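A.B. asks: Once you've had a glance at the structure underneath, I'll fire off some questions.
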Amino acid sequence: MGVYQFRHLGIGPPKRSDGGQNVYNTPAMRKYQKVLIIVGPTSSGKSTLAVELARKFNGEVVSADSRQVYRDLNIGTGKITKREMKGVPHYLLDIASPKKTFTAHDFVQKGRAVIRNIAARNKLPIICGGTGFYIDALVGRIMLPNVPADSKLRTQLEKRSAVQLFAILKRRDPRRARTIDRHNKRRLIRALEIARYQGPSLVIPRTVLGNPYDTLWIGIALPEKQLEKKIAVRLFSRISRGMGAEAKKLHAAGLSYKRMEELGLEYRSLARLLQGKITRTQMIEELNRSIRKYAKRQLVYWKRNKNIVWFKDPKTPRISRTVRSWLKK
């Protein structure tokens, strides 16, 4: 593929000032803009680690979570609080209405603008989150397709159940199926629409896309039993903090139960609870299972990326040493 064919993706070398000098010419950069990426399953301690590294290495955090972009989805998504941020600026939180769909393309456009802004102020951009597809698209590991909506195809697919749509997607685009919310019909239909026109999502080498980032990938993978315990503790903490009341407030403000279910995980179960389809006990059991499965899917997805440096403990000093060594290169 020629360079021109990738222009519409917004992927290319860093913009230059009028004098032709790279506007990202900072001490933390050589040929490519340095970007630190912290990934791992839910409840693994990514957010706390990102704040710690940002304070230590003069960084700012770009959140990469497909649900935390939405306003008022705070407790259910486990969104970091102002107190937990400890004064470190965080971006791409609370930037969209939950009534509307925020796409991976939206994330890439806004994310790259934020990275440019952080770098222009001589700060280190730190991407932190668990939505693998968003991060891979942001840093150029996968190519986002430019596919228009097909109303006829959407009408046909709308007649299928989420289970049927997911089964089709697994055949058409296995890579996308590994990251998508299998219960979200809207996203499943869009993924199938894209697969029909452009085939499976691809991992594209940086040399082809001209990706301007020099990335260090840090992965957190707690031992399985430890992670499961943290997931359970975190879930009960959110319930006690008013996760149910948050869902009631969202519905009262006009968020439909259908849309709430599309948002997945906690909000899907909360919507079912509020409609009387399940009991509180059933909701807790359902969520424990769903979140554990989600965490496993996240790990399966990230394990395919051989660039990730994995750690079992987010508090180990080895992480800071690894980052410091990378920054000196």
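Residues in the structure tokens are named by chain (A, B, ... in the order shown) and by number from 1 within that chain; ligands are numbered from 1 in the order shown.
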Check which residues of stretch 17-130 of chain A sit at most 8 Å from stretch 307-319 of chain A using only C-alpha atoms, and return one row each with the closest pair of atoms and their distance in Å to one decimal, ordered by chain and rising number, as a tab-separated table.

C.D. replies:
residue	atom	partner	partner_atom	distance
A:Ser44	CA	A:Pro314	CA	7.7
A:Gly45	CA	A:Pro314	CA	6.4
A:Lys46	CA	A:Pro314	CA	7.3
A:Leu49	CA	A:Pro314	CA	6.3

A.B. asks: Name all residues at most 9 Å from stretch 173-189 of chain A (count only C-alpha atoms; drop same-chain ones fewer than 5 positions away) and give them as a PyMOL selection string.

C.D. replies: chain A and resi 101+131-133+153-154+157-158+160-163+165-168+194-195+199-202+261-265+268+294+297-298+300-301

A.B. asks: How far is it from atom CA of A:Arg190 to atom CA of A:Thr155, in Å with one decimal?

C.D. replies: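 According to the coordinates, atom CA of A:Arg190 and atom CA of A:Thr155 are separated by 11.7 Å.
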
A.B. asks: List every residue of stretch 121-308 of chain A that DSSP, applied to the backbone of this structure, assigns to strand (DSSP E), and report them as a PDB file with C-alpha atoms, in the first residue's frame.

C.D. replies:
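File written: result_0.pdb
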ATOM      1  CA  LEU A 124       5.882  12.108  28.981  1.00  0.00           C
ATOM      2  CA  PRO A 125       2.583  10.743  27.539  1.00  0.00           C
ATOM      3  CA  ILE A 126       1.482   7.662  29.515  1.00  0.00           C
ATOM      4  CA  ILE A 127      -1.341   5.597  28.014  1.00  0.00           C
ATOM      5  CA  CYS A 128      -3.091   3.509  30.631  1.00  0.00           C
ATOM      6  CA  TYR A 213       5.932   6.695  18.599  1.00  0.00           C
ATOM      7  CA  ASP A 214       8.795   5.036  20.441  1.00  0.00           C
ATOM      8  CA  THR A 215       6.769   2.907  22.840  1.00  0.00           C
ATOM      9  CA  LEU A 216       7.583   1.037  26.017  1.00  0.00           C
ATOM     10  CA  TRP A 217       4.871  -1.468  26.919  1.00  0.00           C
ATOM     11  CA  ILE A 218       4.522  -2.370  30.598  1.00  0.00           C
ATOM     12  CA  GLY A 219       2.093  -5.196  31.396  1.00  0.00           C
ATOM     13  CA  ILE A 220       0.705  -6.130  34.804  1.00  0.00           C
ATOM     14  CA  ILE A 308       5.089  -6.034  26.357  1.00  0.00           C
TER      15      ILE A 308
END

A.B. asks: Leaving out A:Ser63 and any residue of its chain fewer than 6 positions from it, which residues lie within 7 Å of it when counting only C-alpha atoms, given as a ChimeraX atom specification?

C.D. replies: /A:90-93,127-129

A.B. asks: Store the residues of this selection in a file with N, CA and C atoms, as an mmCIF file, in the first residue's frame.

C.D. replies:
data_model
loop_
_atom_site.group_PDB
_atom_site.id
_atom_site.type_symbol
_atom_site.label_atom_id
_atom_site.label_comp_id
_atom_site.auth_asym_id
_atom_site.auth_seq_id
_atom_site.Cartn_x
_atom_site.Cartn_y
_atom_site.Cartn_z
ATOM 1 N N HIS A 90 -5.185 13.806 33.857
ATOM 2 C CA HIS A 90 -5.687 12.640 33.134
ATOM 3 C C HIS A 90 -6.573 13.123 31.983
ATOM 4 N N TYR A 91 -6.463 12.451 30.843
ATOM 5 C CA TYR A 91 -7.211 12.855 29.659
ATOM 6 C C TYR A 91 -8.086 11.714 29.136
ATOM 7 N N LEU A 92 -9.082 12.080 28.351
ATOM 8 C CA LEU A 92 -10.045 11.171 27.711
ATOM 9 C C LEU A 92 -10.940 10.470 28.738
ATOM 10 N N LEU A 93 -11.217 11.159 29.814
ATOM 11 C CA LEU A 93 -12.231 10.752 30.774
ATOM 12 C C LEU A 93 -13.387 11.745 30.668
ATOM 13 N N ILE A 127 -0.039 6.179 28.350
ATOM 14 C CA ILE A 127 -1.341 5.597 28.014
ATOM 15 C C ILE A 127 -1.615 4.469 29.000
ATOM 16 N N CYS A 128 -2.777 4.515 29.627
ATOM 17 C CA CYS A 128 -3.091 3.509 30.631
ATOM 18 C C CYS A 128 -4.528 3.041 30.451
ATOM 19 N N GLY A 129 -4.714 1.724 30.294
ATOM 20 C CA GLY A 129 -6.071 1.224 30.165
ATOM 21 C C GLY A 129 -6.130 -0.227 29.772
#

A.B. asks: Using only C-alpha atoms, pick whichever of A:Ser325, A:Gly76, A:Ser47, A:Tyr134 has the shortest atom-to-atom distance to A:Ser240.

C.D. replies: A:Gly76

A.B. asks: Interatomic distance between atom CA of A:Gly87 and atom CA of A:Arg121?

C.D. replies: 16.5 Å

A.B. asks: Near A:Arg292, counting only C-alpha atoms, which residues have an atom at most 9 Å away, once you skip same-chain residues fewer than 5 positions from it, shown as a list in words?

C.D. replies: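 Counting only C-alpha atoms, the residues come to Thr42, Leu227, Glu228, Ile231, Leu287 and Arg297 of chain A.
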
A.B. asks: Filtering to C-alpha atoms, could you give me those residues as a short mmCIF file (atom, residue, chain, number, x, y, z; two decimals), in the first residue's frame?

C.D. replies:
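Contents of again.cif, freshly written:
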data_model
loop_
_atom_site.label_atom_id
_atom_site.label_comp_id
_atom_site.auth_asym_id
_atom_site.auth_seq_id
_atom_site.Cartn_x
_atom_site.Cartn_y
_atom_site.Cartn_z
CA THR A 42 -9.13 -5.00 35.19
CA LEU A 227 -6.49 -11.13 40.67
CA GLU A 228 -9.77 -12.93 41.34
CA ILE A 231 -11.89 -8.33 41.42
CA LEU A 287 -20.82 -9.83 37.71
CA ARG A 297 -9.94 -12.12 27.58
#

A.B. asks: Given only C-alpha atoms as the basis, pick out the residue of A:Gly78, A:Lys56, A:Thr322, A:Lys225 nearest to A:Ser237.

C.D. replies: A:Gly78

A.B. asks: With only C-alpha atoms as the basis for distance, which of A:Trp302, A:Gln226, A:Lys258, A:Met85 is at the shortest distance from A:Ile38?

C.D. replies: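 The answer is A:Trp302, which sits nearest to A:Ile38.
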